[in-house]
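Quick look at work-v1.pdb (PDB, C-alpha atoms, pLDDT in the B column):
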ATOM      1  CA  MET B   1     188.413 103.083 170.722  1.00 77.00           C
ATOM      2  CA  LYS B   2     184.832 103.479 169.436  1.00 77.00           C
ATOM      3  CA  GLY B   3     185.199 107.257 169.731  1.00 78.00           C
ATOM      4  CA  LYS B   4     188.318 107.240 167.530  1.00 79.00           C
ATOM      5  CA  ILE B   5     186.590 105.106 164.913  1.00 82.00           C
ATOM      6  CA  ALA B   6     183.608 107.469 164.907  1.00 75.00           C
ATOM      7  CA  VAL B   7     185.909 110.470 164.415  1.00 74.00           C
ATOM      8  CA  ILE B   8     187.724 108.741 161.547  1.00 78.00           C
ATOM      9  CA  VAL B   9     184.419 107.833 159.866  1.00 72.00           C
ATOM     10  CA  VAL B  10     183.144 111.406 160.185  1.00 72.00           C
ATOM     11  CA  MET B  11     186.411 112.787 158.780  1.00 69.00           C
ATOM     12  CA  MET B  12     186.329 110.396 155.822  1.00 68.00           C
ATOM     13  CA  ALA B  13     182.705 111.270 155.096  1.00 64.00           C
ATOM     14  CA  SER B  14     183.551 114.973 155.251  1.00 64.00           C
ATOM     15  CA  LEU B  15     186.434 114.499 152.827  1.00 56.00           C
ATOM     16  CA  ALA B  16     184.201 112.574 150.448  1.00 52.00           C
ATOM     17  CA  VAL B  17     181.604 115.357 150.490  1.00 51.00           C
ATOM     18  CA  LEU B  18     184.208 118.097 150.060  1.00 49.00           C
ATOM     19  CA  SER B  19     185.887 116.287 147.187  1.00 47.00           C
ATOM     20  CA  HIS B  20     182.580 116.409 145.294  1.00 42.00           C
ATOM     21  CA  ALA B  21     181.835 120.063 146.082  1.00 38.00           C
ATOM     22  CA  HIS B  22     181.933 120.992 142.390  1.00 37.00           C
ATOM     23  CA  VAL B  23     178.883 118.801 141.856  1.00 35.00           C
ATOM     24  CA  PHE B  24     176.892 120.848 144.334  1.00 37.00           C
ATOM     25  CA  ALA B  25     178.159 124.152 142.950  1.00 38.00           C
ATOM     26  CA  SER B  26     176.454 123.628 139.616  1.00 44.00           C
ATOM     27  CA  ASP B  27     173.796 120.947 139.328  1.00 45.00           C
ATOM     28  CA  GLN B  28     172.736 122.257 135.895  1.00 47.00           C
ATOM     29  CA  GLY B  29     175.946 121.314 134.102  1.00 46.00           C
ATOM     30  CA  GLN B  30     179.670 121.933 134.215  1.00 49.00           C
ATOM     31  CA  ILE B  31     181.060 124.735 136.332  1.00 52.00           C
ATOM     32  CA  GLY B  32     181.052 127.915 134.306  1.00 56.00           C
ATOM     33  CA  GLU B  33     178.612 126.503 131.764  1.00 68.00           C
ATOM     34  CA  THR B  34     175.662 128.800 131.151  1.00 75.00           C
ATOM     35  CA  VAL B  35     172.273 127.118 131.217  1.00 79.00           C
ATOM     36  CA  TYR B  36     169.443 128.529 129.110  1.00 84.00           C
ATOM     37  CA  ARG B  37     165.685 128.223 129.231  1.00 86.00           C
ATOM     38  CA  PHE B  38     163.148 129.139 126.585  1.00 88.00           C
ATOM     39  CA  ASP B  39     160.722 131.726 127.910  1.00 87.00           C
ATOM     40  CA  PRO B  40     157.397 131.431 126.058  1.00 88.00           C
ATOM     41  CA  ALA B  41     156.170 134.759 127.462  1.00 83.00           C
ATOM     42  CA  THR B  42     158.976 136.760 125.839  1.00 84.00           C
ATOM     43  CA  GLN B  43     159.738 134.249 123.058  1.00 89.00           C
ATOM     44  CA  THR B  44     163.429 134.415 123.953  1.00 87.00           C
ATOM     45  CA  SER B  45     166.076 132.097 125.287  1.00 89.00           C
ATOM     46  CA  ARG B  46     167.121 133.330 128.716  1.00 87.00           C
ATOM     47  CA  ALA B  47     170.459 132.685 130.392  1.00 85.00           C
ATOM     48  CA  MET B  48     169.910 131.293 133.875  1.00 84.00           C
ATOM     49  CA  GLU B  49     172.356 133.598 135.635  1.00 85.00           C
ATOM     50  CA  PHE B  50     172.849 133.813 139.381  1.00 86.00           C
ATOM     51  CA  LYS B  51     171.884 137.500 139.501  1.00 86.00           C
ATOM     52  CA  ASN B  52     168.536 136.854 137.795  1.00 85.00           C
ATOM     53  CA  THR B  53     167.616 133.900 139.965  1.00 89.00           C
ATOM     54  CA  TYR B  54     168.799 135.658 143.139  1.00 92.00           C
ATOM     55  CA  ASP B  55     166.755 138.758 142.319  1.00 94.00           C
ATOM     56  CA  GLY B  56     163.817 136.476 141.513  1.00 93.00           C
ATOM     57  CA  ARG B  57     164.198 134.750 144.876  1.00 95.00           C
ATOM     58  CA  LYS B  58     164.086 138.087 146.706  1.00 96.00           C
ATOM     59  CA  LEU B  59     161.010 139.167 144.734  1.00 95.00           C
ATOM     60  CA  PHE B  60     159.291 135.799 145.316  1.00 95.00           C
ATOM     61  CA  LYS B  61     159.923 135.938 149.065  1.00 94.00           C
ATOM     62  CA  SER B  62     158.829 139.570 149.426  1.00 94.00           C
ATOM     63  CA  ASN B  63     155.806 139.503 147.110  1.00 93.00           C
ATOM     64  CA  CYS B  64     154.442 135.991 146.594  1.00 92.00           C
ATOM     65  CA  LYS B  65     155.203 134.546 150.014  1.00 91.00           C
ATOM     66  CA  SER B  66     153.461 137.478 151.709  1.00 89.00           C
ATOM     67  CA  CYS B  67     150.186 135.735 150.764  1.00 89.00           C
ATOM     68  CA  HIS B  68     151.099 132.152 149.807  1.00 90.00           C
ATOM     69  CA  TYR B  69     152.105 130.727 153.189  1.00 90.00           C
ATOM     70  CA  ARG B  70     150.547 127.997 155.304  1.00 90.00           C
ATOM     71  CA  GLY B  71     147.550 129.097 157.318  1.00 89.00           C
ATOM     72  CA  ASN B  72     147.164 132.491 155.649  1.00 88.00           C
ATOM     73  CA  ASP B  73     143.889 134.354 156.065  1.00 89.00           C
ATOM     74  CA  LYS B  74     143.902 135.783 152.528  1.00 85.00           C
ATOM     75  CA  GLY B  75     142.536 132.696 150.806  1.00 84.00           C
ATOM     76  CA  ALA B  76     145.749 132.193 148.862  1.00 86.00           C
ATOM     77  CA  GLN B  77     146.786 128.598 148.320  1.00 87.00           C
ATOM     78  CA  TYR B  78     150.062 127.577 150.003  1.00 90.00           C
ATOM     79  CA  MET B  79     152.777 127.618 147.381  1.00 89.00           C
ATOM     80  CA  ASN B  80     156.387 126.568 147.428  1.00 88.00           C
ATOM     81  CA  GLU B  81     159.070 126.790 144.768  1.00 89.00           C
ATOM     82  CA  ASP B  82     158.764 123.107 143.901  1.00 87.00           C
ATOM     83  CA  ALA B  83     154.959 123.202 143.680  1.00 89.00           C
ATOM     84  CA  ARG B  84     155.166 122.915 139.884  1.00 92.00           C
ATOM     85  CA  THR B  85     157.471 121.570 137.217  1.00 91.00           C
ATOM     86  CA  MET B  86     159.697 123.783 135.054  1.00 89.00           C
ATOM     87  CA  ARG B  87     157.142 123.572 132.268  1.00 91.00           C
ATOM     88  CA  GLY B  88     154.359 124.350 134.749  1.00 91.00           C
ATOM     89  CA  TRP B  89     156.032 127.542 135.992  1.00 92.00           C
ATOM     90  CA  ASN B  90     156.595 128.680 132.408  1.00 91.00           C
ATOM     91  CA  ALA B  91     152.901 128.083 131.700  1.00 92.00           C
ATOM     92  CA  VAL B  92     151.847 130.138 134.748  1.00 92.00           C
ATOM     93  CA  PHE B  93     153.845 133.139 133.623  1.00 92.00           C
ATOM     94  CA  PHE B  94     152.924 132.723 129.944  1.00 92.00           C
ATOM     95  CA  LYS B  95     149.159 132.171 130.269  1.00 92.00           C
ATOM     96  CA  LYS B  96     148.747 134.350 133.383  1.00 91.00           C
ATOM     97  CA  ASN B  97     145.660 132.335 134.316  1.00 88.00           C
ATOM     98  CA  VAL B  98     146.303 132.227 138.070  1.00 89.00           C
ATOM     99  CA  ARG B  99     144.281 134.301 140.523  1.00 89.00           C
ATOM    100  CA  CYS B 100     147.232 136.578 141.382  1.00 89.00           C
ATOM    101  CA  ALA B 101     147.656 137.636 137.769  1.00 90.00           C
ATOM    102  CA  LYS B 102     143.933 138.161 137.268  1.00 91.00           C
ATOM    103  CA  ASP B 103     143.267 140.178 140.428  1.00 90.00           C
ATOM    104  CA  GLY B 104     146.096 142.643 139.796  1.00 90.00           C
ATOM    105  CA  SER B 105     148.563 141.402 142.412  1.00 90.00           C
ATOM    106  CA  TRP B 106     151.220 141.081 139.722  1.00 93.00           C
ATOM    107  CA  ALA B 107     150.670 144.692 138.619  1.00 93.00           C
ATOM    108  CA  LYS B 108     153.081 145.964 141.274  1.00 93.00           C
ATOM    109  CA  LEU B 109     155.897 144.030 139.570  1.00 95.00           C
ATOM    110  CA  SER B 110     157.429 145.146 136.298  1.00 95.00           C
ATOM    111  CA  ALA B 111     157.628 142.768 133.342  1.00 92.00           C
ATOM    112  CA  GLU B 112     161.350 142.314 133.999  1.00 93.00           C
ATOM    113  CA  GLU B 113     160.721 141.489 137.670  1.00 95.00           C
ATOM    114  CA  LEU B 114     158.112 138.884 136.677  1.00 94.00           C
ATOM    115  CA  VAL B 115     160.693 137.291 134.384  1.00 93.00           C
ATOM    116  CA  TYR B 116     163.158 137.188 137.291  1.00 93.00           C
ATOM    117  CA  VAL B 117     160.561 135.475 139.488  1.00 94.00           C
ATOM    118  CA  ASN B 118     159.903 133.003 136.666  1.00 93.00           C
ATOM    119  CA  ASP B 119     163.670 132.388 136.332  1.00 92.00           C
ATOM    120  CA  TYR B 120     163.907 131.637 140.054  1.00 93.00           C
ATOM    121  CA  LEU B 121     160.873 129.367 140.175  1.00 92.00           C
ATOM    122  CA  TYR B 122     162.010 127.572 137.004  1.00 91.00           C
ATOM    123  CA  SER B 123     165.422 126.944 138.574  1.00 89.00           C
ATOM    124  CA  GLN B 124     163.836 125.544 141.763  1.00 89.00           C
ATOM    125  CA  ALA B 125     160.996 123.584 140.152  1.00 89.00           C
ATOM    126  CA  TYR B 126     159.917 120.082 141.146  1.00 86.00           C
ATOM    127  CA  ASP B 127     161.676 118.388 138.232  1.00 83.00           C
ATOM    128  CA  THR B 128     164.890 120.428 138.350  1.00 78.00           C
ATOM    129  CA  TRP B 129     166.974 117.655 139.865  1.00 71.00           C
ATOM    130  CA  ASP B 130     166.679 114.209 138.340  1.00 60.00           C
ATOM    131  CA  PRO B 131     168.828 111.540 140.030  1.00 61.00           C
ATOM    132  CA  ARG B 132     168.577 109.326 136.951  1.00 61.00           C
ATOM    133  CA  THR B 133     170.520 111.665 134.672  1.00 58.00           C
ATOM    134  CA  ALA B 134     174.278 111.982 134.498  1.00 53.00           C
ATOM    135  CA  ARG B 135     173.990 115.761 134.250  1.00 55.00           C
ATOM    136  CA  SER B 136     172.290 115.937 137.659  1.00 47.00           C
ATOM    137  CA  CYS B 137     174.791 113.564 139.230  1.00 47.00           C
ATOM    138  CA  GLY B 138     177.820 115.482 138.033  1.00 43.00           C
TER     139      GLY B 138
END

For the file at hand, write its structure as C-alpha coordinates.
Amino acid sequence: MKGKIAVIVVMMASLAVLSHAHVFASDQGQIGETVYRFDPATQTSRAMEFKNTYDGRKLFKSNCKSCHYRGNDKGAQYMNEDARTMRGWNAVFFKKNVRCAKDGSWAKLSAEELVYVNDYLYSQAYDTWDPRTARSCG
(Lines of atoms letter the chains of each structure in order from A and count residues from 1; the text may use other names and numbers.)
(Lines give C-alpha, C1' and ligand atoms only; values in the text may rest on other atoms or scores of the structure.)
Protein backbone atom coordinates (compact mmCIF):
# COMPACT_ATOMS: atom_id res chain seq x y z
CA MET A 1 0.00 0.00 0.00
CA LYS A 2 2.82 2.44 0.88
CA GLY A 3 4.46 1.65 -2.47
CA LYS A 4 1.29 2.58 -4.37
CA ILE A 5 0.97 5.84 -2.46
CA ALA A 6 4.60 6.68 -3.21
CA VAL A 7 4.06 6.02 -6.93
CA ILE A 8 0.93 8.20 -6.97
CA VAL A 9 2.77 11.04 -5.19
CA VAL A 10 5.68 10.84 -7.63
CA MET A 11 3.29 10.84 -10.61
CA MET A 12 1.39 13.85 -9.28
CA ALA A 13 4.62 15.73 -8.65
CA SER A 14 5.80 14.92 -12.17
CA LEU A 15 2.54 16.18 -13.64
CA ALA A 16 2.80 19.38 -11.63
CA VAL A 17 6.34 20.00 -12.89
CA LEU A 18 5.43 19.19 -16.50
CA SER A 19 2.38 21.44 -16.41
CA HIS A 20 4.67 24.37 -15.58
CA ALA A 21 7.31 23.54 -18.20
CA HIS A 22 6.70 26.84 -20.00
CA VAL A 23 8.00 28.64 -16.93
CA PHE A 24 11.32 26.85 -17.19
CA ALA A 25 11.54 27.35 -20.95
CA SER A 26 11.80 31.11 -20.62
CA ASP A 27 12.60 32.60 -17.23
CA GLN A 28 13.21 36.04 -18.80
CA GLY A 29 9.61 36.64 -19.84
CA GLN A 30 6.87 35.14 -21.96
CA ILE A 31 7.67 32.40 -24.43
CA GLY A 32 8.72 33.97 -27.70
CA GLU A 33 9.36 37.34 -26.08
CA THR A 34 12.77 38.74 -26.94
CA VAL A 35 14.76 40.06 -24.01
CA TYR A 36 17.24 42.89 -24.54
CA ARG A 37 20.23 44.15 -22.62
CA PHE A 38 22.08 47.42 -23.00
CA ASP A 39 25.72 46.81 -23.83
CA PRO A 40 27.83 49.74 -22.62
CA ALA A 41 30.86 48.55 -24.59
CA THR A 42 29.10 48.85 -27.96
CA GLN A 43 26.49 51.41 -26.84
CA THR A 44 23.76 49.24 -28.35
CA SER A 45 20.78 47.29 -27.15
CA ARG A 46 21.43 43.61 -27.78
CA ALA A 47 18.80 40.92 -28.24
CA MET A 48 19.49 38.02 -25.89
CA GLU A 49 19.08 35.28 -28.48
CA PHE A 50 19.77 31.61 -27.91
CA LYS A 51 22.43 31.47 -30.64
CA ASN A 52 24.42 34.32 -29.08
CA THR A 53 24.30 32.93 -25.56
CA TYR A 54 25.03 29.38 -26.77
CA ASP A 55 28.04 30.57 -28.77
CA GLY A 56 29.13 32.60 -25.74
CA ARG A 57 28.85 29.51 -23.54
CA LYS A 58 31.08 27.52 -25.89
CA LEU A 59 33.64 30.34 -26.01
CA PHE A 60 33.54 30.75 -22.20
CA LYS A 61 34.09 27.03 -21.62
CA SER A 62 36.89 26.73 -24.19
CA ASN A 63 38.74 29.97 -23.42
CA CYS A 64 37.99 31.28 -19.93
CA LYS A 65 37.55 27.98 -18.13
CA SER A 66 40.89 26.74 -19.46
CA CYS A 67 42.49 28.96 -16.78
CA HIS A 68 39.70 29.88 -14.34
CA TYR A 69 39.06 26.52 -12.67
CA ARG A 70 39.56 25.39 -9.08
CA GLY A 71 43.12 24.48 -8.21
CA ASN A 72 44.68 25.83 -11.41
CA ASP A 73 48.42 26.43 -11.49
CA LYS A 74 48.18 29.57 -13.64
CA GLY A 75 47.32 31.96 -10.83
CA ALA A 76 43.90 32.67 -12.30
CA GLN A 77 41.11 33.16 -9.79
CA TYR A 78 38.35 30.52 -9.89
CA MET A 79 35.42 31.98 -11.78
CA ASN A 80 31.93 30.75 -12.43
CA GLU A 81 29.12 32.24 -14.48
CA ASP A 82 27.31 33.52 -11.39
CA ALA A 83 30.45 35.08 -9.88
CA ARG A 84 29.13 38.56 -10.71
CA THR A 85 25.85 40.34 -11.24
CA MET A 86 24.53 41.33 -14.68
CA ARG A 87 25.79 44.85 -14.11
CA GLY A 88 29.14 43.47 -12.93
CA TRP A 89 29.67 41.40 -16.09
CA ASN A 90 28.81 44.41 -18.25
CA ALA A 91 31.39 46.45 -16.31
CA VAL A 92 34.08 43.79 -16.84
CA PHE A 93 33.62 43.82 -20.59
CA PHE A 94 33.20 47.61 -20.78
CA LYS A 95 36.13 48.71 -18.59
CA LYS A 96 38.37 45.75 -19.48
CA ASN A 97 40.18 46.19 -16.16
CA VAL A 98 40.59 42.49 -15.37
CA ARG A 99 43.94 40.73 -15.65
CA CYS A 100 42.86 38.65 -18.67
CA ALA A 101 42.07 41.74 -20.70
CA LYS A 102 45.28 43.49 -19.67
CA ASP A 103 47.66 40.59 -20.30
CA GLY A 104 46.38 39.92 -23.82
CA SER A 105 44.42 36.73 -23.14
CA TRP A 106 41.35 38.31 -24.72
CA ALA A 107 43.30 39.17 -27.88
CA LYS A 108 42.64 35.72 -29.33
CA LEU A 109 38.90 36.48 -29.33
CA SER A 110 37.32 38.86 -31.80
CA ALA A 111 35.19 41.77 -30.61
CA GLU A 112 32.06 39.87 -31.66
CA GLU A 113 33.15 36.77 -29.72
CA LEU A 114 33.75 38.89 -26.60
CA VAL A 115 30.22 40.25 -26.94
CA TYR A 116 28.90 36.68 -27.16
CA VAL A 117 30.78 35.74 -23.99
CA ASN A 118 29.35 38.84 -22.30
CA ASP A 119 25.84 37.87 -23.49
CA TYR A 120 26.27 34.40 -21.98
CA LEU A 121 27.68 35.60 -18.67
CA TYR A 122 25.01 38.32 -18.44
CA SER A 123 22.29 35.70 -18.97
CA GLN A 124 23.76 33.45 -16.25
CA ALA A 125 24.71 36.15 -13.74
CA TYR A 126 24.13 35.97 -10.00
CA ASP A 127 21.06 38.21 -10.05
CA THR A 128 19.45 36.75 -13.18
CA TRP A 129 16.75 34.87 -11.30
CA ASP A 130 14.88 36.74 -8.59
CA PRO A 131 12.23 34.66 -6.78
CA ARG A 132 10.52 37.83 -5.56
CA THR A 133 9.47 39.02 -9.01
CA ALA A 134 6.47 37.80 -10.96
CA ARG A 135 8.52 37.76 -14.16
CA SER A 136 10.92 35.19 -12.69
CA CYS A 137 8.09 33.07 -11.32
CA GLY A 138 6.22 32.90 -14.60

For this session: Name the residues that the PyMOL selection byres ((chain B and resi 67) around 12) picks from the file above, as an NGL selection string, using the file's chain letters and numbers.
Result: :B and (60-66 or 68-80 or 99-100 or 105)

For this session: Just say which residues the PyMOL selection byres ((chain B and resi 40-44) around 7) picks in this file, as an NGL selection string.
Result: :B and (38-39 or 45-46 or 90 or 93-94)

Under the PyMOL selection byres ((chain B and resi 111-121) around 6), which residues of this model are included? Write them out as a short mmCIF file (atom, residue, chain, number, x, y, z; two decimals) with C-alpha atoms, in the frame of the given file.
data_model
loop_
_atom_site.label_atom_id
_atom_site.label_comp_id
_atom_site.auth_asym_id
_atom_site.auth_seq_id
_atom_site.Cartn_x
_atom_site.Cartn_y
_atom_site.Cartn_z
CA ASN B 52 168.54 136.85 137.79
CA THR B 53 167.62 133.90 139.96
CA GLY B 56 163.82 136.48 141.51
CA ARG B 57 164.20 134.75 144.88
CA PHE B 60 159.29 135.80 145.32
CA GLU B 81 159.07 126.79 144.77
CA LEU B 109 155.90 144.03 139.57
CA SER B 110 157.43 145.15 136.30
CA TYR B 122 162.01 127.57 137.00
CA SER B 123 165.42 126.94 138.57
CA GLN B 124 163.84 125.54 141.76
CA ALA B 125 161.00 123.58 140.15
#

Exercise. What is the CA of Lys51 in chain B-CA of Arg87 in chain B distance in Å, reported with one decimal?
Worked result: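 About the pair CA of Lys51 in chain B and CA of Arg87 in chain B: they are 21.5 Å apart.
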
Exercise. Of the candidates B:Glu49, B:Lys95, B:Ala6, B:Ala101, which shows the shortest atom-to-atom distance to Arg37 in chain B, using all atoms listed in the file?
Worked result: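 Smallest separation from Arg37 in chain B among the options: B:Glu49.
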
For this session: To one decimal in Å, tell me the separation between CA of Tyr54 in chain B and CA of Lys96 in chain B.
Result: 22.3 Å

Hey, could you pull the box centre and edge lengths for range 45-53 of chain B, axis-aligned, 5 Å padding per side, all listed atoms, to one decimal in Å, as AutoDock Vina command-line options?
--center_x 169.5 --center_y 134.4 --center_z 132.6 --size_x 16.8 --size_y 16.2 --size_z 24.7

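The gap separating CA of Tyr126 in chain B from CA of Trp89 in chain B is 9.9 Å, in Å to one decimal.
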